[in-house]
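Enquirer: See target.pdb below, with PDB, C-alpha atoms, pLDDT in the B column.
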ATOM      1  CA  MET A 178       0.000   0.000   0.000  1.00 61.00           C
ATOM      2  CA  THR A 179       1.271   3.457  -0.851  1.00 67.00           C
ATOM      3  CA  THR A 180       2.299   5.755   1.965  1.00 85.00           C
ATOM      4  CA  LEU A 181      -0.270   8.425   1.085  1.00 85.00           C
ATOM      5  CA  LYS A 182      -3.130   5.932   0.947  1.00 89.00           C
ATOM      6  CA  SER A 183      -2.106   4.354   4.259  1.00 90.00           C
ATOM      7  CA  LYS A 184      -1.897   7.848   5.817  1.00 91.00           C
ATOM      8  CA  LEU A 185      -5.454   8.518   4.629  1.00 90.00           C
ATOM      9  CA  GLN A 186      -6.623   5.266   6.203  1.00 92.00           C
ATOM     10  CA  GLU A 187      -4.824   5.999   9.488  1.00 93.00           C
ATOM     11  CA  ASP A 188      -6.364   9.468   9.575  1.00 92.00           C
ATOM     12  CA  LEU A 189      -9.790   7.976   8.830  1.00 91.00           C
ATOM     13  CA  THR A 190      -9.421   5.599  11.782  1.00 94.00           C
ATOM     14  CA  ALA A 191      -8.381   8.503  14.026  1.00 93.00           C
ATOM     15  CA  ALA A 192     -11.321  10.617  12.807  1.00 92.00           C
ATOM     16  CA  ILE A 193     -13.777   7.796  13.495  1.00 93.00           C
ATOM     17  CA  ARG A 194     -12.353   7.296  17.001  1.00 94.00           C
ATOM     18  CA  GLY A 195     -12.495  11.049  17.605  1.00 93.00           C
ATOM     19  CA  ARG A 196     -16.081  11.145  16.296  1.00 94.00           C
ATOM     20  CA  ASP A 197     -15.143  13.796  13.713  1.00 91.00           C
ATOM     21  CA  GLU A 198     -18.054  13.318  11.299  1.00 93.00           C
ATOM     22  CA  LEU A 199     -16.924  15.762   8.626  1.00 91.00           C
ATOM     23  CA  ARG A 200     -13.344  14.463   8.420  1.00 92.00           C
ATOM     24  CA  SER A 201     -14.369  10.800   8.499  1.00 93.00           C
ATOM     25  CA  SER A 202     -17.000  11.177   5.767  1.00 93.00           C
ATOM     26  CA  THR A 203     -14.600  13.199   3.587  1.00 93.00           C
ATOM     27  CA  LEU A 204     -11.801  10.649   3.970  1.00 92.00           C
ATOM     28  CA  ARG A 205     -14.216   7.765   3.341  1.00 94.00           C
ATOM     29  CA  LEU A 206     -15.371   9.318   0.073  1.00 93.00           C
ATOM     30  CA  THR A 207     -11.779   9.970  -0.982  1.00 92.00           C
ATOM     31  CA  LEU A 208     -10.646   6.425  -0.180  1.00 92.00           C
ATOM     32  CA  THR A 209     -13.646   5.120  -2.125  1.00 93.00           C
ATOM     33  CA  ALA A 210     -12.615   7.238  -5.124  1.00 93.00           C
ATOM     34  CA  ILE A 211      -9.069   5.847  -4.855  1.00 91.00           C
ATOM     35  CA  THR A 212     -10.351   2.260  -4.701  1.00 91.00           C
ATOM     36  CA  LYS A 213     -12.651   2.914  -7.646  1.00 92.00           C
ATOM     37  CA  GLU A 214      -9.667   4.208  -9.628  1.00 90.00           C
ATOM     38  CA  GLU A 215      -7.645   1.125  -8.661  1.00 89.00           C
ATOM     39  CA  VAL A 216     -10.229  -1.321  -9.966  1.00 90.00           C
ATOM     40  CA  SER A 217     -11.135   0.612 -13.109  1.00 87.00           C
ATOM     41  CA  GLY A 218      -9.677  -0.649 -16.344  1.00 80.00           C
ATOM     42  CA  LYS A 219      -8.955  -4.202 -17.384  1.00 85.00           C
ATOM     43  CA  THR A 220      -6.965  -5.263 -14.314  1.00 86.00           C
ATOM     44  CA  ALA A 221      -6.957  -4.140 -10.698  1.00 85.00           C
ATOM     45  CA  ARG A 222      -3.752  -2.400  -9.664  1.00 88.00           C
ATOM     46  CA  GLU A 223      -2.370  -0.379  -6.806  1.00 88.00           C
ATOM     47  CA  LEU A 224      -2.009   3.349  -7.426  1.00 84.00           C
ATOM     48  CA  SER A 225       1.299   5.137  -6.862  1.00 85.00           C
ATOM     49  CA  ASP A 226       1.476   8.126  -4.510  1.00 84.00           C
ATOM     50  CA  ASP A 227       1.382  10.458  -7.525  1.00 83.00           C
ATOM     51  CA  GLU A 228      -1.784   8.803  -8.827  1.00 86.00           C
ATOM     52  CA  VAL A 229      -3.373   8.922  -5.358  1.00 88.00           C
ATOM     53  CA  GLN A 230      -2.496  12.614  -5.204  1.00 87.00           C
ATOM     54  CA  LYS A 231      -4.221  13.191  -8.552  1.00 87.00           C
ATOM     55  CA  VAL A 232      -7.370  11.499  -7.231  1.00 89.00           C
ATOM     56  CA  ILE A 233      -7.278  13.682  -4.096  1.00 89.00           C
ATOM     57  CA  ALA A 234      -6.771  16.797  -6.257  1.00 87.00           C
ATOM     58  CA  ARG A 235      -9.747  15.787  -8.415  1.00 89.00           C
ATOM     59  CA  GLU A 236     -11.900  15.280  -5.301  1.00 91.00           C
ATOM     60  CA  ALA A 237     -10.786  18.662  -3.893  1.00 89.00           C
ATOM     61  CA  LYS A 238     -11.687  20.342  -7.184  1.00 88.00           C
ATOM     62  CA  LYS A 239     -15.158  18.747  -7.045  1.00 91.00           C
ATOM     63  CA  ARG A 240     -15.617  20.211  -3.556  1.00 92.00           C
ATOM     64  CA  ARG A 241     -14.548  23.711  -4.693  1.00 90.00           C
ATOM     65  CA  GLU A 242     -16.921  23.603  -7.666  1.00 91.00           C
ATOM     66  CA  ALA A 243     -19.786  22.300  -5.537  1.00 93.00           C
ATOM     67  CA  ALA A 244     -19.180  24.995  -2.904  1.00 92.00           C
ATOM     68  CA  GLU A 245     -19.300  27.644  -5.619  1.00 91.00           C
ATOM     69  CA  ALA A 246     -22.497  26.198  -7.080  1.00 92.00           C
ATOM     70  CA  PHE A 247     -24.190  26.028  -3.669  1.00 92.00           C
ATOM     71  CA  ALA A 248     -23.108  29.588  -2.852  1.00 91.00           C
ATOM     72  CA  ASN A 249     -24.531  30.833  -6.157  1.00 91.00           C
ATOM     73  CA  GLY A 250     -27.728  28.890  -5.475  1.00 90.00           C
ATOM     74  CA  GLY A 251     -28.219  30.569  -2.102  1.00 89.00           C
ATOM     75  CA  ARG A 252     -27.407  27.485  -0.008  1.00 92.00           C
ATOM     76  CA  ALA A 253     -24.695  28.943   2.212  1.00 89.00           C
ATOM     77  CA  GLU A 254     -24.737  26.115   4.773  1.00 92.00           C
ATOM     78  CA  GLN A 255     -24.124  23.430   2.146  1.00 92.00           C
ATOM     79  CA  ALA A 256     -21.477  25.613   0.471  1.00 90.00           C
ATOM     80  CA  GLN A 257     -19.677  25.943   3.822  1.00 93.00           C
ATOM     81  CA  LYS A 258     -19.685  22.141   4.267  1.00 93.00           C
ATOM     82  CA  GLU A 259     -18.216  21.595   0.795  1.00 92.00           C
ATOM     83  CA  LYS A 260     -15.569  24.245   1.463  1.00 92.00           C
ATOM     84  CA  ALA A 261     -14.636  22.566   4.767  1.00 92.00           C
ATOM     85  CA  GLU A 262     -14.291  19.197   2.995  1.00 92.00           C
ATOM     86  CA  GLY A 263     -12.048  20.837   0.390  1.00 90.00           C
ATOM     87  CA  GLU A 264      -9.835  22.229   3.154  1.00 90.00           C
ATOM     88  CA  ILE A 265      -9.488  18.760   4.692  1.00 91.00           C
ATOM     89  CA  LEU A 266      -8.407  17.344   1.322  1.00 89.00           C
ATOM     90  CA  ALA A 267      -5.973  20.235   0.780  1.00 87.00           C
ATOM     91  CA  GLU A 268      -3.989  18.967   3.788  1.00 88.00           C
ATOM     92  CA  TYR A 269      -2.977  15.929   1.694  1.00 87.00           C
ATOM     93  CA  LEU A 270      -1.936  17.928  -1.372  1.00 83.00           C
ATOM     94  CA  PRO A 271       1.341  19.774  -1.961  1.00 81.00           C
ATOM     95  CA  LYS A 272       1.307  23.493  -1.217  1.00 82.00           C
ATOM     96  CA  GLN A 273      -0.024  25.446  -4.210  1.00 79.00           C
ATOM     97  CA  LEU A 274       2.249  27.903  -6.007  1.00 78.00           C
ATOM     98  CA  SER A 275       1.820  31.561  -5.102  1.00 79.00           C
ATOM     99  CA  GLU A 276       0.782  33.982  -7.836  1.00 82.00           C
ATOM    100  CA  ASP A 277       4.346  35.365  -8.061  1.00 81.00           C
ATOM    101  CA  GLU A 278       5.913  31.896  -8.359  1.00 83.00           C
ATOM    102  CA  LEU A 279       3.422  30.954 -11.074  1.00 80.00           C
ATOM    103  CA  GLN A 280       4.085  34.189 -12.993  1.00 82.00           C
ATOM    104  CA  ALA A 281       7.846  33.558 -12.867  1.00 83.00           C
ATOM    105  CA  ILE A 282       7.487  30.024 -14.257  1.00 83.00           C
ATOM    106  CA  VAL A 283       5.106  31.215 -16.994  1.00 82.00           C
ATOM    107  CA  ALA A 284       7.440  34.104 -17.939  1.00 81.00           C
ATOM    108  CA  GLY A 285      10.317  31.656 -18.338  1.00 82.00           C
ATOM    109  CA  ALA A 286       8.189  29.365 -20.501  1.00 81.00           C
ATOM    110  CA  VAL A 287       7.055  32.295 -22.696  1.00 78.00           C
ATOM    111  CA  GLU A 288      10.703  33.265 -23.260  1.00 80.00           C
ATOM    112  CA  GLU A 289      11.528  29.636 -24.100  1.00 78.00           C
ATOM    113  CA  ALA A 290       8.661  29.498 -26.619  1.00 76.00           C
ATOM    114  CA  LYS A 291       9.727  32.823 -28.179  1.00 76.00           C
ATOM    115  CA  ALA A 292      13.259  31.443 -28.576  1.00 74.00           C
ATOM    116  CA  ALA A 293      11.701  28.519 -30.454  1.00 73.00           C
ATOM    117  CA  GLY A 294       9.931  30.978 -32.759  1.00 72.00           C
ATOM    118  CA  ALA A 295       6.415  30.994 -31.282  1.00 69.00           C
ATOM    119  CA  GLU A 296       4.866  34.357 -30.419  1.00 71.00           C
ATOM    120  CA  GLY A 297       1.512  35.902 -29.621  1.00 70.00           C
ATOM    121  CA  PRO A 298      -1.711  34.157 -28.657  1.00 70.00           C
ATOM    122  CA  ARG A 299      -1.025  31.304 -31.102  1.00 74.00           C
ATOM    123  CA  ALA A 300       1.890  30.223 -28.903  1.00 74.00           C
ATOM    124  CA  MET A 301      -0.531  29.239 -26.100  1.00 78.00           C
ATOM    125  CA  GLY A 302      -0.267  25.513 -26.791  1.00 79.00           C
ATOM    126  CA  GLN A 303       3.521  25.524 -26.936  1.00 81.00           C
ATOM    127  CA  VAL A 304       3.826  27.545 -23.739  1.00 79.00           C
ATOM    128  CA  MET A 305       1.345  25.255 -21.938  1.00 81.00           C
ATOM    129  CA  LYS A 306       3.423  22.213 -23.004  1.00 81.00           C
ATOM    130  CA  ILE A 307       6.447  23.797 -21.324  1.00 82.00           C
ATOM    131  CA  VAL A 308       4.626  25.010 -18.192  1.00 82.00           C
ATOM    132  CA  ASN A 309       2.406  22.021 -17.355  1.00 80.00           C
ATOM    133  CA  PRO A 310       5.162  19.555 -16.358  1.00 80.00           C
ATOM    134  CA  LYS A 311       6.753  22.220 -14.145  1.00 81.00           C
ATOM    135  CA  VAL A 312       3.571  23.066 -12.238  1.00 78.00           C
ATOM    136  CA  ALA A 313       1.854  19.652 -12.223  1.00 75.00           C
ATOM    137  CA  GLY A 314      -0.054  19.322  -8.964  1.00 72.00           C
ATOM    138  CA  LEU A 315       1.128  22.716  -7.718  1.00 77.00           C
ATOM    139  CA  ALA A 316      -1.334  24.942  -9.574  1.00 78.00           C
ATOM    140  CA  GLU A 317      -4.807  24.450 -10.994  1.00 78.00           C
ATOM    141  CA  GLY A 318      -5.072  24.284 -14.797  1.00 77.00           C
ATOM    142  CA  GLY A 319      -7.399  27.276 -15.044  1.00 80.00           C
ATOM    143  CA  ARG A 320      -4.999  29.459 -13.076  1.00 82.00           C
ATOM    144  CA  VAL A 321      -2.103  28.371 -15.284  1.00 81.00           C
ATOM    145  CA  ALA A 322      -4.012  29.020 -18.524  1.00 82.00           C
ATOM    146  CA  ALA A 323      -5.080  32.485 -17.312  1.00 82.00           C
ATOM    147  CA  ALA A 324      -1.482  33.364 -16.396  1.00 82.00           C
ATOM    148  CA  VAL A 325      -0.228  32.178 -19.805  1.00 81.00           C
ATOM    149  CA  LYS A 326      -2.898  34.197 -21.662  1.00 82.00           C
ATOM    150  CA  LYS A 327      -2.030  37.274 -19.638  1.00 80.00           C
ATOM    151  CA  GLN A 328       1.702  36.921 -20.388  1.00 78.00           C
ATOM    152  CA  LEU A 329       1.129  36.298 -24.105  1.00 75.00           C
ATOM    153  CA  ALA A 330      -1.230  39.260 -24.408  1.00 75.00           C
ATOM    154  CA  GLY A 331       1.097  41.602 -22.537  1.00 67.00           C
TER     155      GLY A 331
END
What does the file become when written as structure tokens?

Expert:
Amino acid sequence: MTTLKSKLQEDLTAAIRGRDELRSSTLRLTLTAITKEEVSGKTARELSDDEVQKVIAREAKKRREAAEAFANGGRAEQAQKEKAEGEILAEYLPKQLSEDELQAIVAGAVEEAKAAGAEGPRAMGQVMKIVNPKVAGLAEGGRVAAAVKKQLAG
């Protein structure tokens, strides 16, 4: 078993013993998503820590989107619950890049793309190919794309 998955299970056990309903339900849902991912496909397999992290990131993104939808729908209590679940999941993810760090990485990638002969908004794809491996798991795709567009336009 991977170290991240076993940590999730240990934390789930601790949350159940501590009668922390929110944490235990969040971790249960996340572990279920991990198990579902493991058995999907032709053969069952164990996920690596990186793959487990991607599943957790996907679950955290679902919580953020749901919180936003509930807030827009006037259901503040449900939005708060989704936000709290997202914060619990964020504890298991690497720290996100700050806006300045992201801008620096994007600026470097834009320069690299320009050196390769790509300029203007049409260079978006090439710049994203350079940036994505550098920021994988450290910044959300939408944030990255917005930063790249801003740099290319400016």

Enquirer: Can you list what the PyMOL selection byres ((chain A and resi 226) around 7) grabs from this structure, as a PyMOL selection string?

Expert: chain A and resi 179-181+224-225+227-230

Enquirer: Could you tell me which of A:Ile193, A:Leu274, A:Ala246, A:Ala237 comes closest to A:Leu315 if we count only C-alpha atoms?

Expert: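 Nearest candidate to A:Leu315 out of A:Ile193, A:Leu274, A:Ala246, A:Ala237: A:Leu274.
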
Enquirer: Up to 12 Å from (3.3, 26.5, -3.1) in the file's coordinates: name the residues, counting only C-alpha atoms, as a ChimeraX atom specification.

Expert: /A:267,270-279,312-317

Enquirer: Need the shell around A:Ala290: protein/DNA/RNA residues with any atom at most 9 Å away, counting all atoms listed in the file. Skip same-chain ones fewer than 4 positions apart. Format as a PyMOL selection string?

Expert: chain A and resi 285-286+294-296+300+303-304+307

Enquirer: Mind giving me the axis-aligned box for stretch 292-298 of chain A with 3 Å on every side, centre plus edges in Å to one decimal, as JSON?

Expert:
{"center_x": 5.8, "center_y": 32.2, "center_z": -30.7, "size_x": 21.0, "size_y": 13.4, "size_z": 10.2}

Enquirer: Quick one: everything within 10 Å of A:Ala244, counting only C-alpha atoms, minus sequence neighbours fewer than 2 positions away in the same chain. Send it as a PyMOL selection string.

Expert: chain A and resi 238-242+246-250+252-263

Enquirer: May I ask for the distance between atom CA of A:Ser201 and atom CA of A:Ala221, given in Å to one decimal place?

Expert: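 Between atom CA of A:Ser201 and atom CA of A:Ala221 the gap is 25.4 Å.
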
Enquirer: Counting all atoms listed in the file, which residues come within 12 Å of (2.0, 39.7, -17.7), with the point read in the file's coordinates, and could you list them as a list of chain:residue names?

Expert: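 Taken together, the residues in range are A:Glu276, A:Asp277, A:Leu279, A:Gln280, A:Ala281, A:Ile282, A:Val283, A:Ala284, A:Gly285, A:Val287, A:Ala323, A:Ala324, A:Val325, A:Lys326, A:Lys327, A:Gln328, A:Leu329, A:Ala330, A:Gly331.
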
Enquirer: Rounded to one decimal, what separation in Å do you get between atom CA of A:Arg222 and atom CA of A:Leu204?

Expert: 20.5 Å

Enquirer: Which value, in Å to one decimal, gives the distance between atom CA of A:Glu223 and atom CA of A:Leu266?

Expert: 20.4 Å

Enquirer: Measuring atom to atom with only C-alpha atoms, identify which of A:Val216, A:Ala243, A:Ala293, A:Ala234 is nearest to A:Glu268.

Expert: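 Smallest separation from A:Glu268 among the options: A:Ala234.
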
Enquirer: Please list as a VMD selection string every residue within 12 Å of A:Asp188, counting all atoms listed in the file and excluding residues in the same chain fewer than 3 positions away.

Expert: chain A and resid 181 to 185 191 to 197 200 to 205 207 to 208 265 to 266 268 to 269
